[in-house]
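Visitor: Structure file entry_1.txt, compact mmCIF, C-alpha atoms, is pasted below:
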```
# COMPACT_ATOMS: atom_id res chain seq x y z
CA MET A 1 5.89 1.35 8.77
CA GLY A 2 5.05 4.07 6.33
CA THR A 3 3.23 7.37 6.39
CA PRO A 4 -0.58 7.35 6.23
CA CYS A 5 -2.15 8.39 2.93
CA SER A 6 -3.33 12.02 2.89
CA GLN A 7 -6.87 10.75 2.15
CA PHE A 8 -6.99 8.60 5.30
CA ASP A 9 -8.94 10.18 8.18
CA ALA A 10 -7.64 8.57 11.37
CA ASN A 11 -10.50 10.04 13.44
CA THR A 12 -13.13 8.10 11.50
CA ALA A 13 -10.85 5.34 10.09
CA ARG A 14 -12.20 6.12 6.62
CA CYS A 15 -10.88 7.17 3.25
CA LYS A 16 -11.98 10.74 2.50
CA SER A 17 -12.49 9.70 -1.14
CA GLY A 18 -14.65 6.71 -0.26
CA PHE A 19 -12.24 4.00 -1.40
CA PRO A 20 -12.21 0.75 0.62
CA ARG A 21 -9.37 0.89 3.17
CA ILE A 22 -8.03 -2.64 2.79
CA HIS A 23 -4.36 -1.82 2.17
CA THR A 24 -2.42 -1.22 5.38
CA VAL A 25 -0.37 1.50 3.69
CA CYS A 26 -3.57 3.65 3.87
CA TRP A 27 -3.08 4.11 7.61
CA GLY A 28 0.72 3.90 7.73
CA GLY A 29 1.16 0.14 8.00
CA ASN A 30 3.29 -2.32 6.05
CA THR A 31 3.29 -2.61 2.27
CA ARG A 32 1.57 -6.02 1.90
CA CYS A 33 -2.17 -6.05 1.18
CA PRO A 34 -3.83 -8.35 3.74
CA THR A 35 -6.51 -9.34 1.21
CA CYS A 36 -4.55 -10.28 -1.91
CA GLY A 37 -0.96 -10.33 -0.60
CA HIS A 38 0.29 -7.84 -3.21
CA VAL A 39 3.32 -5.87 -2.00
CA SER A 40 3.27 -2.17 -2.88
CA SER A 41 4.10 1.15 -1.28
CA GLN A 42 0.95 2.64 -2.86
CA PRO A 43 -2.66 2.06 -1.77
CA MET A 44 -4.77 0.05 -4.22
CA CYS A 45 -6.61 3.22 -5.31
CA MET A 46 -3.32 4.52 -6.75
CA GLN A 47 -2.49 1.39 -8.74
CA ASP A 48 -2.69 1.36 -12.54
CA GLU A 49 -4.92 -1.72 -12.33
CA ILE A 50 -7.53 -1.76 -9.57
CA PRO A 51 -8.06 -5.35 -8.41
CA ARG A 52 -11.37 -6.80 -9.66
CA HIS A 53 -12.64 -7.39 -6.10
CA LEU A 54 -12.37 -3.64 -5.48
CA ALA A 55 -13.99 -2.40 -8.71
CA ARG A 56 -17.58 -1.89 -9.79
CA ASP A 57 -18.88 -3.16 -13.14
CA ASP A 58 -18.06 0.24 -14.70
CA GLY A 59 -14.41 -0.09 -13.61
CA LEU A 60 -14.51 2.58 -10.91
CA PRO A 61 -13.59 1.67 -7.34
CA ILE A 62 -16.41 0.39 -5.14
CA SER A 63 -17.72 3.08 -2.76
CA TRP A 64 -16.69 5.74 -5.29
CA PRO A 65 -17.64 8.60 -5.28
CA ALA A 66 -18.04 9.35 -1.60
CA ALA A 67 -21.44 8.40 -0.12
CA LYS A 68 -22.26 12.10 0.44
CA GLU A 69 -22.38 12.63 -3.34
CA ASP A 70 -24.39 9.42 -3.93
CA ALA A 71 -27.11 10.63 -1.53
CA SER A 72 -27.84 13.65 -3.75
CA ASP A 73 -29.11 11.31 -6.48
CA GLU A 74 -32.16 10.29 -4.43
```
As structure tokens, what does this structure read like?

Guide:
Amino acid sequence: MGTPCSQFDANTARCKSGFPRIHTVCWGGNTRCPTCGHVSSQPMCMQDEIPRHLARDDGLPISWPAAKEDASDE
């Protein structure tokens, strides 16, 4: 087991940056992504290539930026 990412908030089980928390390394788990099986010691948000299923049409991660910032656009 690894160390949780500094952006992972264990109290709310959320990423402070708004990125989907699918990689177990986010919360200090093993290094294999349960969704795609990729083995890495970095969360998907830190990868050079963000997997297509985690990216919006503009290439940014889904849920990015944090919902708090999105709400100001209304």

Visitor: What's the separation between CA of Ala13 in chain A and CA of Asp57 in chain A, in Å to one decimal place?

Guide: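 Distance reported for this atom pair: 26.0 Å.
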
Visitor: Measuring between only C-alpha atoms, which one of A:Cys5, A:Cys45, A:Ala55, A:Cys15 shows the shortest distance to Gly29 in chain A?

Guide: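 The closest residue to Gly29 in chain A is A:Cys5.
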
Visitor: Give the answer as one residue: which of A:Arg32, A:Leu60, A:Pro43, A:His38 has the shortest atom-to-atom distance to Pro4 in chain A, using only C-alpha atoms?

Guide: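 When distances to Pro4 in chain A are compared using only C-alpha atoms, the smallest one comes from A:Pro43.
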
Visitor: So what do you get for CA of Arg21 in chain A versus CA of Met44 in chain A, distance-wise?

Guide: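 CA of Met44 in chain A lies 8.7 Å from CA of Arg21 in chain A.
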
Visitor: For CA of Asp48 in chain A and CA of Ala10 in chain A, quote the distance in Å rounded to one decimal.

Guide: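 Rounded to one decimal, the two atoms are 25.5 Å apart.
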
Visitor: Extending 8 Å beyond the listed atoms of range 19-36 of chain A on each side, what axis-aligned box results? I want centre and edge lengths in Å to one decimal, as JSON.

Guide:
```
{"center_x": -4.5, "center_y": -3.1, "center_z": 3.0, "size_x": 31.5, "size_y": 30.4, "size_z": 25.9}
```

Visitor: Write out as a VMD selection string the residues lying within 12 Å of Thr35 in chain A, counting all atoms listed in the file and excluding same-chain residues fewer than 5 positions away.

Guide: chain A and resid 20 to 24 44 51 53 to 54

Visitor: Between A:Ser6, A:Ile50, A:Val39, A:Ile62, which is the closest to Cys26 in chain A once you count all atoms listed in the file?

Guide: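 Residue with the minimum atom-to-atom distance to Cys26 in chain A: A:Ser6.
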
Visitor: Skip Trp64 in chain A itself and residues of its chain fewer than 6 positions away, then list as a PyMOL selection string all residues within 10 Å of it, counting all atoms listed in the file.

Guide: chain A and resi 17-20+55-56+70
